[in-house]
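Visitor: Below you will find the structure I want to go over with you.
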Amino acid sequence: MKPDRSNTVVALDGASNFRDVGGLATSHGRHVLRAQVYRSDHLARLNAADHERLLALRVTRCVDLRGHLEREATPYNLPGAEQEHLAIEPTVLVRLRELRARGQQPSRVEAVQIMRDTYRAFVLQQGPVFGRLLTRIGTHDQAMVFHCTAGKDRTGMAAALLLELLGVHRDDVMEDYLLTNQLYQRDHRLVEEAPAEVLDVLWKVQADFLQAAWRCMDDEFGGLPTYLRGPVGLGSAEIQRLHEKLLGN
């Protein structure tokens, strides 16, 4: 039976993909604790009521995975919460613009391939950034949120790493990842010229994207444990801390 994740969604006026990472069962018979870690799309549209909602959730730290220009375009301030910037610069739109500069109009097939490549690059190039995020999650004593622009790719990859590290089966991680397609409402201030079929790929998630990352992780590193110890840079103490903080009976 697929896990019902609808009760993890936090209703906000200014963010559509804000949700609790907790609630899933692990392969060891435990579950990921709720109200500790949240994931989201960007927070620049939140209103005063949203701020009050997050204060009530005791969110005291925001980790922003957006690139520098993204942060400059849509900055935000969340009362009661410190911000930390762990930049993963966007590459998808850069590749699309490069195609157009060569006189090529990207197709849906090319967009899917670009997304697969992007997820492989997450694994091969962004391990240290994910490691810093996971370390922060393990050491922060109160609730926190991490996010990117849409809360789907950089954020989705980070959430997948965290959940699998905690012992959640990949099938359940995938169901949680795909929930973005039911939730995310695009911020139309974020304009990009591309055919509708290409934008449909870029602003949604597909199982094949995350599977591309998993295949890369398994093929290049032999699976998650080696990947965590290697590029991500987590030792047994950091992993144990995450288990102690986020796993309940």
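Going by the structure tokens order, chains are called A, B, ..., each with residues numbered from 1, while ligands are numbered from 1 in the order shown.
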What are the DSSP alpha helix (DSSP H) residues of stretch 131-231 of chain A, as a ChimeraX atom specification?

Guide: /A:131-139,154-165,170-178,180-183,196-202,207-221,224-229

Visitor: Could you write out that same residue set with C-alpha atoms as a tab-separated table (two decimals), in the first residue's frame?

Guide:
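Output file part_22.tsv is given in full below:
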```
chain	number	residue	atom	x	y	z
A	131	GLY	CA	26.68	16.67	3.51
A	132	ARG	CA	26.61	20.15	5.04
A	133	LEU	CA	22.81	20.16	4.91
A	134	LEU	CA	22.54	16.74	6.55
A	135	THR	CA	25.02	17.76	9.23
A	136	ARG	CA	23.00	20.89	9.92
A	137	ILE	CA	19.81	18.82	10.23
A	138	GLY	CA	21.50	16.55	12.73
A	139	THR	CA	22.84	19.34	14.91
A	154	ARG	CA	17.66	20.05	-5.36
A	155	THR	CA	15.25	19.78	-2.46
A	156	GLY	CA	13.85	16.49	-3.72
A	157	MET	CA	17.32	14.98	-3.98
A	158	ALA	CA	18.24	16.16	-0.48
A	159	ALA	CA	15.03	14.73	0.98
A	160	ALA	CA	15.63	11.41	-0.80
A	161	LEU	CA	19.13	11.16	0.68
A	162	LEU	CA	17.86	11.96	4.16
A	163	LEU	CA	14.99	9.50	4.05
A	164	GLU	CA	17.06	6.63	2.68
A	165	LEU	CA	19.78	7.36	5.25
A	170	ARG	CA	13.25	3.59	-1.93
A	171	ASP	CA	9.71	2.85	-3.09
A	172	ASP	CA	8.34	5.05	-0.30
A	173	VAL	CA	11.00	7.69	-0.93
A	174	MET	CA	9.87	7.78	-4.55
A	175	GLU	CA	6.20	8.21	-3.62
A	176	ASP	CA	7.14	11.12	-1.39
A	177	TYR	CA	9.29	12.64	-4.16
A	178	LEU	CA	6.47	12.43	-6.72
A	180	THR	CA	5.48	17.47	-5.78
A	181	ASN	CA	3.44	16.96	-8.95
A	182	GLN	CA	0.22	17.19	-6.94
A	183	LEU	CA	1.31	20.20	-4.91
A	196	ALA	CA	4.96	24.19	-23.32
A	197	GLU	CA	5.96	20.52	-23.50
A	198	VAL	CA	9.46	21.41	-22.31
A	199	LEU	CA	8.19	23.56	-19.45
A	200	ASP	CA	5.92	20.67	-18.47
A	201	VAL	CA	9.07	18.58	-17.97
A	202	LEU	CA	11.04	21.28	-16.17
A	207	ALA	CA	10.46	8.87	-11.39
A	208	ASP	CA	13.19	8.52	-13.99
A	209	PHE	CA	14.96	11.63	-12.68
A	210	LEU	CA	15.47	10.29	-9.16
A	211	GLN	CA	16.17	6.81	-10.54
A	212	ALA	CA	18.98	8.33	-12.63
A	213	ALA	CA	20.55	9.61	-9.40
A	214	TRP	CA	20.16	6.26	-7.68
A	215	ARG	CA	21.67	4.38	-10.62
A	216	CYS	CA	24.61	6.78	-10.61
A	217	MET	CA	25.05	6.37	-6.86
A	218	ASP	CA	24.91	2.58	-7.10
A	219	ASP	CA	27.14	2.29	-10.17
A	220	GLU	CA	29.79	4.82	-9.14
A	221	PHE	CA	29.86	4.29	-5.37
A	224	LEU	CA	24.23	4.95	-0.36
A	225	PRO	CA	26.47	3.95	2.58
A	226	THR	CA	29.66	4.36	0.57
A	227	TYR	CA	28.38	7.53	-1.03
A	228	LEU	CA	27.61	9.03	2.38
A	229	ARG	CA	31.07	8.18	3.72
```

Visitor: Enumerate, in order of chain and increasing residue number, the residues of stretch 125-175 of chain A with an atom no farther than 10 Å from stretch 88-102 of chain A, each with its shortest atom pair and distance in Å to one decimal, counting only C-alpha atoms, as JSON lines.

Guide:
```
{"residue": "A:Gln125", "atom": "CA", "partner": "A:Ile88", "partner_atom": "CA", "distance": 9.6}
{"residue": "A:Gln126", "atom": "CA", "partner": "A:Ile88", "partner_atom": "CA", "distance": 7.3}
{"residue": "A:Val129", "atom": "CA", "partner": "A:Ile88", "partner_atom": "CA", "distance": 7.6}
{"residue": "A:Phe130", "atom": "CA", "partner": "A:Ile88", "partner_atom": "CA", "distance": 9.5}
{"residue": "A:Cys148", "atom": "CA", "partner": "A:Ile88", "partner_atom": "CA", "distance": 8.7}
{"residue": "A:Thr149", "atom": "CA", "partner": "A:Pro90", "partner_atom": "CA", "distance": 9.6}
{"residue": "A:Asp153", "atom": "CA", "partner": "A:Pro90", "partner_atom": "CA", "distance": 9.9}
{"residue": "A:Arg154", "atom": "CA", "partner": "A:Ile88", "partner_atom": "CA", "distance": 7.4}
```

Visitor: Give me, as a list of chain:residue names, all polymer residues having an atom no more than 10 Å from A:Asn47, counting only C-alpha atoms and skipping those fewer than 2 positions away in the same chain.

Guide: A:Leu12, A:Asp13, A:Gly14, A:Ala15, A:Leu43, A:Ala44, A:Arg45, A:Ala49, A:Asp50, A:His51, A:Glu52, A:Arg53, A:Leu78

Visitor: With only C-alpha atoms as the atoms that count, which of A:Leu166, A:His147, A:Gln104, A:Val123 lies nearest to A:Gly223?

Guide: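 For A:Gly223, the nearest of the given residues is A:Val123.
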
Visitor: Could you check how far atom CA of A:Gln113 sits from atom CA of A:Gln206, in Å to one decimal?

Guide: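 About the pair atom CA of A:Gln113 and atom CA of A:Gln206: they are 11.5 Å apart.
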
Visitor: Which value, in Å to one decimal, gives the distance between atom CA of A:Pro106 and atom CA of A:Gly151?

Guide: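 Answer for the atom CA of A:Pro106 to atom CA of A:Gly151 separation: 23.5 Å.
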
Visitor: For each of A:Ser107, A:Asp141, A:Thr118, A:Asn7, take the minimum atom-to-atom distance to A:Glu244, counting only C-alpha atoms, then give the residue where this is smallest.

Guide: A:Asp141

Visitor: Any idea what the distance is between atom CA of A:Glu82 and atom CA of A:Val205?

Guide: 29.1 Å

Visitor: Looking at A:Gly222, A:Gly235, A:Pro79, A:Gly29, which one is nearest to A:Cys62, with distances taken over only C-alpha atoms?

Guide: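 Closest residue, counting only C-alpha atoms: A:Pro79.
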
Visitor: Which is closest to A:Arg39 among A:Ala81, A:Ala73, A:Val9, A:Leu246, if we use only C-alpha atoms?

Guide: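 Answer, going by the shortest atom-to-atom distance: A:Val9.
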
Visitor: I'd like the contact shell of A:Arg30 - 8 Å cut-off, only C-alpha atoms, skipping same-chain residues fewer than 2 positions apart - returned as a list of chain:residue names.

Guide: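 Listing them by chain and then by number gives A:Ala25, A:Thr26, A:Ser27, A:His28, A:Val32, A:Leu247, A:Gly248, A:Asn249.
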